[in-house]
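A.B. asks: What follows is the file data_15.txt, containing compact mmCIF, C-alpha atoms:
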# COMPACT_ATOMS: atom_id res chain seq x y z
CA TYR A 184 134.54 268.57 223.47
CA ILE A 185 134.66 265.89 220.81
CA MET A 186 134.42 262.18 221.34
CA ALA A 187 134.87 259.36 218.88
CA SER A 188 133.23 256.09 219.70
CA THR A 189 135.01 252.89 219.00
CA PRO A 190 132.98 250.30 217.11
CA THR A 191 132.69 246.98 218.92
CA THR A 192 134.30 245.11 216.04
CA GLY A 193 137.47 247.15 215.54
CA SER A 194 139.26 250.44 215.77
CA ALA A 195 137.69 253.87 215.59
CA LEU A 196 139.40 254.59 212.27
CA ARG A 197 138.16 253.27 208.97
CA THR A 198 140.49 250.95 207.11
CA THR A 199 139.15 252.27 203.81
CA PRO A 200 137.68 255.66 202.96
CA ALA A 201 133.90 255.93 203.14
CA LYS A 202 133.84 257.52 199.69
CA SER A 203 136.09 257.49 196.64
CA THR A 204 139.39 259.33 196.97
CA ALA A 205 137.95 262.04 194.73
CA SER A 206 135.69 263.06 197.61
CA VAL A 207 138.38 263.12 200.32
CA VAL A 208 138.29 266.55 201.94
CA PRO A 209 141.01 268.08 204.11
CA ILE A 210 139.90 268.86 207.66
CA PRO A 211 140.34 272.55 208.56
CA PRO A 212 143.22 273.07 211.05
CA GLU A 213 140.99 274.30 213.90
CA THR A 214 138.62 271.33 213.58
CA ARG A 215 141.55 268.91 213.24
CA ALA A 216 143.15 270.32 216.42
CA ILE A 217 139.91 269.90 218.40
CA ILE A 218 139.48 266.30 217.23
CA LYS A 219 143.10 265.48 218.08
CA ASP A 220 142.93 267.19 221.48
CA MET A 221 139.72 265.44 222.52
CA THR A 222 140.12 261.99 220.97
CA GLY A 223 143.82 261.55 220.28
CA LEU A 224 143.00 260.94 216.62
CA ASP A 225 144.97 262.96 214.08
CA CYS A 226 142.48 263.21 211.23
CA ALA A 227 144.05 265.14 208.36
CA THR A 228 141.31 264.33 205.85
CA SER A 229 137.73 263.12 205.85
CA ALA A 230 139.02 259.61 205.04
CA ASP A 231 140.74 259.51 208.45
CA LEU A 232 137.58 260.19 210.47
CA PRO A 233 135.99 257.50 212.64
CA ALA A 234 132.64 256.01 211.62
CA GLU A 235 130.94 257.75 214.57
CA LEU A 236 131.86 261.15 215.95
CA ILE A 237 130.26 262.97 218.89
CA LEU A 238 130.82 266.70 219.36
CA PHE A 239 129.43 268.55 222.35
CA GLN A 240 129.62 271.84 224.17
CA LEU A 241 131.46 273.64 221.40
CA LEU A 242 131.47 277.26 222.51
CA ASP A 243 132.97 278.67 219.31
CA PRO A 244 131.84 278.08 215.74
CA VAL A 245 133.63 275.12 214.16
CA ASP A 246 133.98 274.37 210.45
CA LEU A 247 132.10 271.09 209.95
CA SER A 248 132.43 271.03 206.15
CA ALA A 249 134.78 268.00 206.15
CA LEU A 250 132.54 265.92 208.45
CA GLY A 251 129.89 265.11 205.82
CA SER A 252 131.31 261.63 205.25
CA VAL A 253 131.08 260.49 208.89
CA ARG A 254 128.54 257.67 209.10
CA THR A 255 127.07 258.83 212.43
CA LEU A 256 127.51 262.38 213.72
CA LYS A 257 126.05 263.59 217.01
CA LEU A 258 126.21 267.29 217.83
CA ARG A 259 125.08 268.22 221.34
CA GLN A 260 124.88 271.63 222.97
CA CYS A 261 126.70 273.35 220.12
CA PHE A 262 124.99 276.64 220.86
CA ARG A 263 126.85 278.70 218.25
CA LEU A 264 126.48 276.20 215.43
CA THR A 265 124.47 277.70 212.57
CA ASP A 266 125.54 276.04 209.32
CA VAL A 267 124.79 272.33 208.83
CA SER A 268 124.55 272.48 205.03
CA ALA A 269 127.64 270.26 204.52
CA LEU A 270 126.18 267.39 206.57
CA GLY A 271 123.69 266.00 204.04
CA GLY A 272 125.98 263.03 203.36
CA VAL A 273 125.89 261.77 206.95
CA ASN A 274 123.80 258.60 207.34
CA GLU A 275 122.68 259.32 210.93
CA LEU A 276 122.73 262.88 212.28
CA TRP A 277 121.74 264.08 215.75
CA LEU A 278 121.41 267.77 216.58
CA THR A 279 120.53 268.24 220.25
CA TYR A 280 120.25 271.69 221.85
CA CYS A 281 121.75 273.33 218.77
CA SER A 282 119.49 276.34 219.15
CA GLN A 283 121.08 278.55 216.47
CA VAL A 284 120.52 276.05 213.64
CA ARG A 285 117.72 277.39 211.45
CA ASP A 286 118.17 275.98 207.96
CA VAL A 287 117.94 272.17 207.66
CA SER A 288 117.01 272.12 203.97
CA ALA A 289 120.29 270.34 203.03
CA LEU A 290 119.54 267.41 205.37
CA GLY A 291 116.78 265.77 203.31
CA THR A 292 119.08 262.91 202.24
CA VAL A 293 120.04 261.87 205.78
CA SER A 294 118.48 258.46 206.62
CA VAL A 295 118.14 258.98 210.38
CA LEU A 296 117.76 262.57 211.55
CA LYS A 297 117.23 263.49 215.19
CA LEU A 298 116.52 267.19 215.78
CA GLN A 299 115.99 267.64 219.49
CA TRP A 300 115.40 270.94 221.28
CA CYS A 301 116.49 272.97 218.26
CA ALA A 302 114.09 275.87 218.76
CA GLY A 303 115.39 277.83 215.76
CA ILE A 304 114.09 275.32 213.22
CA THR A 305 110.78 276.34 211.67
CA ASP A 306 110.84 274.91 208.13
CA VAL A 307 111.02 271.12 207.73
CA SER A 308 109.53 270.96 204.23
CA ALA A 309 112.75 269.50 202.73
CA LEU A 310 112.81 266.51 205.12
CA GLY A 311 110.08 264.37 203.54
CA GLN A 312 112.56 261.74 202.29
CA VAL A 313 114.18 261.11 205.67
CA GLU A 314 113.30 257.56 206.82
CA ASP A 315 113.49 258.10 210.59
CA LEU A 316 112.87 261.70 211.72
CA THR A 317 112.67 263.00 215.28
CA LEU A 318 111.57 266.57 215.96
CA THR A 319 111.45 266.70 219.75
CA GLY A 320 111.00 270.07 221.40
CA CYS A 321 111.35 271.98 218.13
CA THR A 322 108.96 274.64 219.29
CA GLY A 323 108.94 276.69 216.07
CA ILE A 324 107.55 273.97 213.82
CA THR A 325 103.97 274.57 212.69
CA ASP A 326 103.77 272.92 209.24
CA VAL A 327 104.49 269.19 208.82
CA SER A 328 102.49 268.67 205.62
CA ALA A 329 105.62 267.61 203.67
CA LEU A 330 106.43 264.77 206.09
CA GLY A 331 103.71 262.29 205.06
CA THR A 332 106.24 259.92 203.44
CA VAL A 333 108.56 259.63 206.46
CA LYS A 334 108.42 256.05 207.78
CA LYS A 335 109.10 256.78 211.46
CA LEU A 336 108.24 260.26 212.73
CA ALA A 337 108.44 261.62 216.28
CA LEU A 338 106.92 265.05 216.84
CA THR A 339 107.03 265.08 220.62
CA GLN A 340 106.69 268.32 222.54
CA CYS A 341 106.03 270.51 219.51
CA PRO A 342 103.55 272.93 221.11
CA ALA A 343 102.80 275.00 217.98
CA LEU A 344 101.74 271.98 215.93
CA VAL A 345 98.01 271.77 215.18
CA ASP A 346 97.38 270.13 211.79
CA VAL A 347 98.64 266.55 211.26
CA SER A 348 96.15 265.56 208.57
CA ALA A 349 98.93 264.99 205.98
CA LEU A 350 100.65 262.32 208.09
CA GLY A 351 98.41 259.36 207.27
CA GLY A 352 101.22 257.69 205.28
CA VAL A 353 103.62 257.56 208.23
CA GLU A 354 104.10 254.03 209.64
CA THR A 355 105.13 254.98 213.19
CA LEU A 356 104.04 258.35 214.56
CA ASP A 357 104.67 259.85 218.00
CA LEU A 358 102.62 262.95 218.82
CA SER A 359 103.07 262.84 222.59
CA ARG A 360 102.83 266.18 224.39
CA CYS A 361 101.61 268.03 221.30
CA LEU A 362 98.77 269.58 223.25
CA ARG A 363 97.19 271.65 220.45
CA ILE A 364 96.45 268.66 218.19
CA THR A 365 92.79 267.79 218.52
CA ASP A 366 91.90 266.09 215.22
CA VAL A 367 93.65 262.80 214.41
CA SER A 368 90.89 261.37 212.20
CA ALA A 369 93.21 261.32 209.13
CA LEU A 370 95.69 259.04 210.93
CA GLY A 371 93.67 255.83 210.78
CA THR A 372 96.23 254.09 208.53
CA VAL A 373 99.21 254.81 210.82
CA ARG A 374 100.41 251.44 212.18
CA THR A 375 101.79 252.72 215.48
CA LEU A 376 100.40 255.96 216.90
CA ASN A 377 101.36 257.49 220.26
CA LEU A 378 99.18 260.38 221.44
CA ARG A 379 100.10 260.53 225.15
Before anything else, please render the file you have as structure tokens.
C.D. replies:
Amino acid sequence: YIMASTPTTGSALRTTPAKSTASVVPIPPETRAIIKDMTGLDCATSADLPAELILFQLLDPVDLSALGSVRTLKLRQCFRLTDVSALGGVNELWLTYCSQVRDVSALGTVSVLKLQWCAGITDVSALGQVEDLTLTGCTGITDVSALGTVKKLALTQCPALVDVSALGGVETLDLSRCLRITDVSALGTVRTLNLR
């Protein structure tokens, strides 16, 4: 299913494209049909997409290549989704229960990135420039040494995580339910630290 949220100040469709017309991308027919069926919006190109789009419970793979210009994109329970490489242009991206996603290296330019219960993700080394990063329940993550420049970082319920010594530069850090972390002595400069 796909939902488009309507901003409180106007319609769900942009009045101007998010990017120059040179970057307008046609939406693949299958993806366009799903959006139209679920939202009533006939989005022929990326310029027609709403500012926020929510996709959930997609049982078949869907071509997301044209959705990189959506301001906020939330993907929930898209169990067969594997390729998110075209989504680096999204400002705020949520991947929740997208268990087949493994490679998030193209998402380092996303400002707000919420990766929740995506057990296939193991390498987050390319995400050090993300401003607000959530890695909740990403059970395969063991190395967070590249994330010391993230401003707001939530690493809740990451059971394989042990070493957080590189995270002293993070402003807000949530390590709740990371039961293997025993040494937080390097985190003295973190402004807000949650260890519960």
A.B. asks: Please report, as a Markdown table, each residue of range 227-311 of chain A lying at most 8 Å from range 318-337 of chain A, together with the nearest pair of atoms and the separation in Å rounded to one decimal; use all atoms listed in the file, and order rows by chain and ascending residue number.
C.D. replies:
| residue | atom | partner | partner_atom | distance |
| --- | --- | --- | --- | --- |
| A:Lys297 | CA | A:Leu318 | CA | 6.5 |
| A:Leu298 | CA | A:Leu318 | CA | 5.0 |
| A:Gln299 | CA | A:Thr319 | CA | 4.6 |
| A:Trp300 | CA | A:Gly320 | CA | 4.5 |
| A:Cys301 | CA | A:Cys321 | CA | 5.2 |
| A:Ala302 | CA | A:Cys321 | CA | 4.8 |
| A:Gly303 | CA | A:Gly323 | CA | 6.6 |
| A:Ile304 | CA | A:Gly323 | CA | 6.0 |
| A:Thr305 | CA | A:Ile324 | CA | 4.5 |
| A:Asp306 | CA | A:Ile324 | CA | 6.6 |
| A:Val307 | CA | A:Val327 | CA | 6.9 |
| A:Ser308 | CA | A:Ala329 | CA | 5.2 |
| A:Ala309 | CA | A:Ala329 | CA | 7.4 |
| A:Leu310 | CA | A:Leu330 | CA | 6.7 |
| A:Gly311 | CA | A:Leu330 | CA | 4.5 |
A.B. asks: My list of candidates is A:Ser206, A:Gln312, A:Ser294, A:Thr279. Which is closest to Val353 in chain A when distances are computed with only C-alpha atoms?
C.D. replies: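 Once distances to Val353 in chain A are computed over only C-alpha atoms, the minimum belongs to A:Gln312.
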A.B. asks: Need to verify the contact set: range 258-273 of chain A, 9 Å, only C-alpha atoms, exclusion of same-chain residues closer than 4 positions in sequence. Can you return it as a count of residues only?
C.D. replies: 38
A.B. asks: To one decimal place in Å, what is the distance between CA of Ser229 in chain A and CA of Glu275 in chain A?
C.D. replies: 16.3 Å
A.B. asks: Neighbourhood query: residues within 12 Å of (91.6, 260.1, 212.4), file coordinates, counting only C-alpha atoms; return as JSON, numbers by chain.
C.D. replies: {"A": [346, 347, 348, 349, 350, 351, 364, 365, 366, 367, 368, 369, 370, 371, 372, 373, 376, 378]}
A.B. asks: If you measure from CA of Leu256 in chain A to CA of Leu232 in chain A, what distance in Å do you get, rounded to one decimal?
C.D. replies: 10.8 Å
A.B. asks: Between CA of Thr255 in chain A and CA of Ala234 in chain A, what is the spacing in Å?
C.D. replies: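 Between these atoms lies a distance of 6.3 Å.
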